[in-house]
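Student: Below are the structure tokens for one structure; questions will follow.
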Amino acid sequence: VVLGLLAVLVFLVILPMMQPKGIDPVSLYAKDGEIYYVNESGEEVAVTQQLFLDDSIGSQLMTSDWWAVSYYLALSDDGTRIFYPDQIAGDASNIPLYTRLIGEPADKAVLVDSDVVQYQITPDGKTVLYCKGSSKTLYQSDLKNRTLISVGVTSFLGSRDGQAVFYVDESGALYQWTASGGETLITDATSTSSGFAQNKMAAYYIIDGTLYEYTVASATPKQIGTNVQDIVWITPDGQVYYTASADGGMTLMDFVEDDIAQGGTVTMPEEPEEPKKPSRDDYKDDKAYEKAMKQYEKDWDAYDKAMGQWEQDMSDYYDQQEAAEEADSARYELENTSAKDFIADLYYYDGNTTGLVAEKVAVNNWRGTYSLMSSIWNSYPDEPMGFVTQWDPSTMEKIPLSEVIEERKEQSCTASWVMESKLSNAKNSGHLGIVVGNTCTLSAEGISPVAFAPDGSVMYTARYDEENPHNSATLYRTPIQDGKPGEQETIQTGAMPVAVLKDGRLAYGIYSTDGLTLDLYVDGVKVDTTDIHYGSGEPVQGTDGESLAYFSTWDSGQNCGTLNVWRDGESVTVAGNVQRFQMLNDGRILCLYDVNEETGTGTVGIFANGTLTPLSQNANSLLAVVDTSTHGDYY
């Protein structure tokens with residue numbers, strides 16, 4: 001009995017206590033050209049054995065391109081297994097991918113494969129989907145054996161368990177692969193647009209204007225809509241917004257006034273006929289001949305003048321002909337460029353049924369900006385919300401073709417680009433629409449989208465001064481209830497949006513006259529004055545939706561500044577001599593400070609709960625794991 005109790009004690013208590021805890025993603029950093037983390041005992045542990053076999057590129061890359069290294073780092077959900085690059089040779093284009101449990105020494109690491117371009121892991125870290133080399137060969141690996149899926153893969157997305165994957169090959173064909181059933185062709189290269197929903201494991205694609213949904217579960221295409229132009233947005237759960245043609249076949253030329261003749265209608269001037277000199281033999285006496293010669297001299301003078309005019313007319317003709325040919329070229333280009341991107345109907349598929357959301361809208365501003373100053377991979381929530389613009393094309397004053405051509409020459413661009421720019425301006429002066437689910441409500445004309453509050457209860461918009469479009473805008477707050485906006489409230493004039501907090505408040509800034517500082521406000525209350533220095537990274541970060549981190553001062557000569565963080569109405573100093581920082585989703589701040597300019601190394605620390613804790617005294621990069629579903633180069 002005693003032995004049995006001891007065995008239970010060892011199994012349930014002592015062994016779990018001996019097992020190392022998972023790596024905190026924030027604790028990864030670069031030091032001496034290697035990747036390190038800090039364990040639960042506060043000890044530095046090397047992840048890599050020799051990250052760069054060519055020592056000359058190690059520190060330089062880790063200092064200047066640390067994001068590139070972060071892209072290749074991944075952790076299992078519990079943090080006990082890490083995937084990382086190591087033993088990189090040459091110019092760092094061939095990335096060997098290794099993995100190991102953090103309780104194991106680095107020399108026990110498993111090589112997943114060499115020359116890994118992209119990879120995706122399962123939450124437990126036991127299965128990897130990855131693309132290898134320039135041939136972009138897609139494999140599945142259980143860390144012991146690998147299975148070839150396909151060659152020439154340009155993009156892929158796997159299921160959470162790694163047992164199914166959608167991928168597109170270089171021809172544009174869309175495939176499904178499952179561990180149990182192998183490869184299935186979903187559609188060939190005739191698909192014009194495609195996308196995936198990972199939670200639902202569904203693929204969406206357009207063939208001949210028809211939008212289809214293909215799920216792993218059903219393995220049968222489902223028709224969602226017809227006359228479809230493009231897919232606008234897909235949520236992980238399989239809610240889809242898409243546009244269908246509403247342009248009536250209109251082209252960019254329908255918005256142009258043709259004020260230049262076509263090349264074939266320009267008439268070449270007729271050359272004057274040279275007068276014929278009289279011959280003495282044609283006259284009976286000298287008197288008649290002399291009279292004819294005097295008339296010849298008059299005719300020649302007239303001919304001379306006519307030739308001068310003809311030469312001028314020919315010069316004008318060539319100019320007109322050149323202009324007409326230019327016009328023909330521009331006319332052909334505009335007549336063959338559809339206006340569909342500016343005029344479309346918006347539809348919403350909720351995963352089961354499809355419905356019309358809004359007619360004749362443009363979707364260029366679909367998402368607005370969500371977390372504004374936060375990192376791009378955290379900028380888009382899954383909730384189906386968006387901005388559209390509705391405008392009446394018939395109200396737009398036509399642009400003279402001569403004006404289009406003149407602007408094309410001045411800006412060294414195409415006629416289509418000129419007209420698309422003008423149509424974009426016209427579109428943006430239309431009525432802004434707020435889309436929530438299958439509801440679209442139009443707001444005021446000339447209003448531009450800014451952001452949604454995370455819970456969709458508020459939208460923020462801006463209006464710019466038409467006479468001074470480069471100046472900061474007037475910001476507005478509009479509550480949303482039951483998918484419809486309420487009464488618009490003015491927040492601030494001459495301001496720029498910075499971040500939207502979780503509670504729906506907008507952080508915004510007002511530039512100083514010299515543009516070097518920014519007064520930071522939250523909900524109309526001044527927080528602090530920030531020193532703008534874009535070389536240090538994002539000057540204001542609000543990734544967690546509750547705090548704002550920023551440089552309150554910056555010394556360009558020393559290439560560092562004082563880092564502050566605002567939270568709950570109070571601003572505190574994190575540290576001085578900070579070179580760069582990164583706010584994490586949980587509000588902790590990773591920063592590199594006290595950097596020695598000669599060696600390029602400094603201290604990496606984590607600021608949390610009002611305390612800055614050093615991790616390493618000789619680090620040269622921040623390497624917090626990037627929160628993405630696919631790691632590696634994006635192609």
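As shown in the structure tokens, the chain order sets the letters A, B, ...; within each chain, residues go from 1, and ligands are also counted from 1 in the order they appear.
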Compile a residue-level contact table for region 432-533 of chain A against region 341-351 of chain A at a cut-off of 12 Å, reporting for every qualifying residue the shortest atom pair and its distance in Å to one decimal, with only C-alpha atoms counted, rows ordered by chain and ascending number, as a tab-separated table.

Tutor:
```
residue	atom	partner	partner_atom	distance
A:Gly433	CA	A:Leu346	CA	11.2
A:Val435	CA	A:Leu346	CA	9.9
A:Val436	CA	A:Tyr348	CA	10.0
A:Gly437	CA	A:Tyr348	CA	7.3
A:Asn438	CA	A:Tyr348	CA	6.0
A:Thr439	CA	A:Tyr348	CA	9.2
A:Cys440	CA	A:Leu346	CA	9.5
```

Student: To test your reading of the structure, identify every residue in region 151-390 of chain A that backbone DSSP assigns to helix (DSSP H, G or I), and report it as a PyMOL selection string.

Tutor: chain A and resi 252-255+263-265+280-282+286-335+340-342+376-378

Student: Record the distance separating CA of Leu548 (chain A) and CA of Leu501 (chain A), expressed in Å with one decimal.

Tutor: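 Computing it gives 9.2 Å between the two atoms.
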
Student: For region 226-232 of chain A, work out the shell of residues within 6 Å, counting only C-alpha atoms and skipping chain neighbours fewer than 3 positions away, then give it as a CSV table (one decimal) with N, CA and C atoms, in the first residue's frame.

Tutor:
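Below is the file that was written, out.csv:
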```csv
chain,number,residue,atom,x,y,z
A,209,GLY,N,-18.1,33.6,-63.0
A,209,GLY,CA,-19.0,34.5,-62.3
A,209,GLY,C,-19.8,33.9,-61.2
A,210,THR,N,-19.6,32.6,-60.9
A,210,THR,CA,-20.4,31.9,-59.9
A,210,THR,C,-19.5,31.6,-58.7
A,241,TYR,N,-18.6,37.9,-47.5
A,241,TYR,CA,-19.2,39.0,-48.2
A,241,TYR,C,-18.6,39.0,-49.6
A,242,TYR,N,-19.4,39.3,-50.6
A,242,TYR,CA,-18.9,39.3,-52.0
A,242,TYR,C,-19.7,40.3,-52.8
A,243,THR,N,-19.1,40.7,-53.9
A,243,THR,CA,-19.8,41.7,-54.8
A,243,THR,C,-20.2,41.0,-56.0
A,244,ALA,N,-21.4,41.5,-56.6
A,244,ALA,CA,-21.9,41.1,-57.8
A,244,ALA,C,-22.0,42.3,-58.7
A,245,SER,N,-21.9,42.1,-60.0
A,245,SER,CA,-21.9,43.2,-61.0
A,245,SER,C,-23.1,44.0,-60.9
```

Student: DSSP on the backbone: which residues in region 136-311 of chain A end up as strand (DSSP E or B)? Give the answer as an mmCIF file with C-alpha atoms, in the first residue's frame.

Tutor:
```cif
data_model
loop_
_atom_site.group_PDB
_atom_site.id
_atom_site.type_symbol
_atom_site.label_atom_id
_atom_site.label_comp_id
_atom_site.auth_asym_id
_atom_site.auth_seq_id
_atom_site.Cartn_x
_atom_site.Cartn_y
_atom_site.Cartn_z
ATOM 1 C CA THR A 137 6.797 21.235 -52.343
ATOM 2 C CA LEU A 138 4.110 20.791 -49.681
ATOM 3 C CA TYR A 139 4.567 18.128 -46.984
ATOM 4 C CA GLN A 140 2.869 16.895 -43.846
ATOM 5 C CA SER A 141 5.171 15.716 -41.065
ATOM 6 C CA ARG A 146 6.833 13.106 -43.811
ATOM 7 C CA THR A 147 4.178 12.712 -46.492
ATOM 8 C CA LEU A 148 4.436 14.411 -49.874
ATOM 9 C CA ILE A 149 1.247 16.334 -50.663
ATOM 10 C CA SER A 150 2.030 18.319 -53.826
ATOM 11 C CA VAL A 153 2.158 25.143 -54.125
ATOM 12 C CA THR A 154 1.744 28.920 -53.959
ATOM 13 C CA SER A 155 -0.509 29.102 -50.874
ATOM 14 C CA PHE A 156 -2.018 26.682 -48.381
ATOM 15 C CA LEU A 157 -4.104 26.513 -45.225
ATOM 16 C CA GLY A 158 -4.402 23.458 -43.006
ATOM 17 C CA ALA A 164 -6.630 18.305 -44.053
ATOM 18 C CA VAL A 165 -5.286 21.148 -46.166
ATOM 19 C CA PHE A 166 -6.461 23.415 -48.979
ATOM 20 C CA TYR A 167 -3.809 24.640 -51.383
ATOM 21 C CA VAL A 168 -3.406 26.454 -54.706
ATOM 22 C CA ASP A 169 -0.777 25.493 -57.280
ATOM 23 C CA LEU A 174 -7.402 24.676 -56.083
ATOM 24 C CA TYR A 175 -6.967 21.348 -54.279
ATOM 25 C CA GLN A 176 -7.960 19.572 -51.091
ATOM 26 C CA TRP A 177 -5.781 16.964 -49.391
ATOM 27 C CA THR A 178 -6.699 14.779 -46.433
ATOM 28 C CA GLY A 182 -5.306 12.003 -50.443
ATOM 29 C CA GLU A 183 -5.553 14.730 -53.089
ATOM 30 C CA THR A 184 -8.780 16.021 -54.660
ATOM 31 C CA LEU A 185 -9.002 18.663 -57.398
ATOM 32 C CA ILE A 186 -11.641 21.216 -56.407
ATOM 33 C CA THR A 187 -11.329 23.506 -59.415
ATOM 34 C CA SER A 194 -10.356 32.120 -53.915
ATOM 35 C CA GLY A 195 -10.081 32.113 -50.140
ATOM 36 C CA PHE A 196 -10.380 29.863 -47.085
ATOM 37 C CA ALA A 197 -12.235 29.659 -43.772
ATOM 38 C CA ALA A 202 -14.100 25.593 -46.393
ATOM 39 C CA ALA A 203 -12.714 26.936 -49.664
ATOM 40 C CA TYR A 204 -14.432 29.658 -51.678
ATOM 41 C CA TYR A 205 -13.799 30.273 -55.365
ATOM 42 C CA ILE A 206 -15.342 31.948 -58.417
ATOM 43 C CA ILE A 207 -15.769 30.249 -61.803
ATOM 44 C CA THR A 210 -20.409 31.872 -59.915
ATOM 45 C CA LEU A 211 -19.223 31.729 -56.304
ATOM 46 C CA TYR A 212 -18.903 28.270 -54.735
ATOM 47 C CA GLU A 213 -18.267 26.938 -51.258
ATOM 48 C CA TYR A 214 -16.436 23.631 -50.855
ATOM 49 C CA THR A 215 -16.082 22.102 -47.397
ATOM 50 C CA LYS A 222 -22.293 24.546 -53.054
ATOM 51 C CA GLN A 223 -23.360 27.467 -55.256
ATOM 52 C CA ILE A 224 -23.577 30.689 -53.248
ATOM 53 C CA GLY A 225 -24.092 33.418 -55.848
ATOM 54 C CA VAL A 228 -20.055 37.520 -58.854
ATOM 55 C CA GLN A 229 -17.172 39.938 -59.246
ATOM 56 C CA ASP A 230 -15.002 39.327 -56.211
ATOM 57 C CA ILE A 231 -14.787 37.971 -52.673
ATOM 58 C CA VAL A 232 -14.598 40.836 -50.175
ATOM 59 C CA TRP A 233 -14.206 39.152 -46.796
ATOM 60 C CA ILE A 234 -14.213 35.641 -45.316
ATOM 61 C CA VAL A 240 -18.616 35.603 -46.687
ATOM 62 C CA TYR A 241 -19.174 39.027 -48.201
ATOM 63 C CA TYR A 242 -18.917 39.269 -51.969
ATOM 64 C CA THR A 243 -19.774 41.690 -54.751
ATOM 65 C CA ALA A 244 -21.873 41.061 -57.845
ATOM 66 C CA SER A 245 -21.862 43.177 -60.986
ATOM 67 C CA THR A 251 -16.495 51.131 -68.670
ATOM 68 C CA VAL A 256 -15.315 60.639 -70.089
ATOM 69 C CA GLU A 257 -16.378 63.415 -72.474
#
```

Student: Considering only C-alpha atoms, can you say which of A:Trp366, A:Tyr296, A:Tyr593, A:Tyr318 comes closest to Val266 (chain A)?

Tutor: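 Of all the options, A:Tyr318 lies closest to Val266 (chain A).
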
Student: Please indicate the distance in Å from CA of Gly308 (chain A) to CA of Arg280 (chain A), rounded to one decimal place.

Tutor: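 One can read the CA of Gly308 (chain A) to CA of Arg280 (chain A) distance as 29.5 Å.
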
Student: For region 388-390 of chain A, list every protein, DNA or RNA residue within 10 Å, evaluated using only C-alpha atoms, and leave out those in the same chain fewer than 2 positions away; present the list as a ChimeraX atom specification.

Tutor: /A:342-346,358-368,386,392-393,427-435,440-443,445-449

Student: For the residues in the current selection, export C-alpha atoms as a compact mmCIF listing (two decimals), in the first residue's frame.

Tutor:
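Final output, part26.txt:
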```txt
# COMPACT_ATOMS: atom_id res chain seq x y z
CA PHE A 342 -16.53 51.19 -58.48
CA ILE A 343 -20.09 49.96 -58.95
CA ALA A 344 -21.21 46.70 -57.39
CA ASP A 345 -23.93 45.16 -55.22
CA LEU A 346 -22.83 43.72 -51.89
CA ALA A 358 -26.55 47.07 -50.35
CA GLU A 359 -26.84 48.18 -53.96
CA LYS A 360 -24.33 50.15 -56.03
CA VAL A 361 -21.57 50.35 -53.47
CA ALA A 362 -17.79 50.43 -53.55
CA VAL A 363 -15.93 48.19 -51.11
CA ASN A 364 -12.43 49.68 -51.32
CA ASN A 365 -12.70 50.89 -47.70
CA TRP A 366 -14.25 47.65 -46.44
CA ARG A 367 -12.48 47.19 -43.13
CA GLY A 368 -11.53 50.73 -42.37
CA GLY A 386 -17.26 46.69 -42.72
CA ASP A 392 -24.65 57.59 -58.00
CA PRO A 393 -22.37 57.41 -61.08
CA LYS A 427 -16.80 57.43 -54.71
CA ASN A 428 -15.29 58.70 -51.48
CA SER A 429 -17.52 61.75 -51.66
CA GLY A 430 -20.58 59.49 -51.62
CA HIS A 431 -22.53 58.18 -48.65
CA LEU A 432 -20.59 56.04 -46.19
CA GLY A 433 -22.31 52.79 -45.29
CA ILE A 434 -21.89 50.83 -42.08
CA VAL A 435 -22.28 47.07 -42.63
CA CYS A 440 -26.21 48.33 -44.30
CA THR A 441 -27.11 51.80 -43.09
CA LEU A 442 -25.90 54.86 -44.98
CA SER A 443 -24.37 57.83 -43.20
CA GLU A 445 -21.90 62.25 -47.60
CA GLY A 446 -18.19 62.96 -47.75
CA ILE A 447 -17.43 61.00 -44.58
CA SER A 448 -14.43 58.64 -44.60
CA PRO A 449 -14.13 55.43 -42.53
```

Student: Find the residues near region 598-614 of chain A: any atom within 8 Å, counting only C-alpha atoms, skip ones fewer than 2 places away on the same chain, and give them as a VMD selection string.

Tutor: chain A and resid 26 to 27 29 31 63 574 to 575 587 to 596 616 to 622
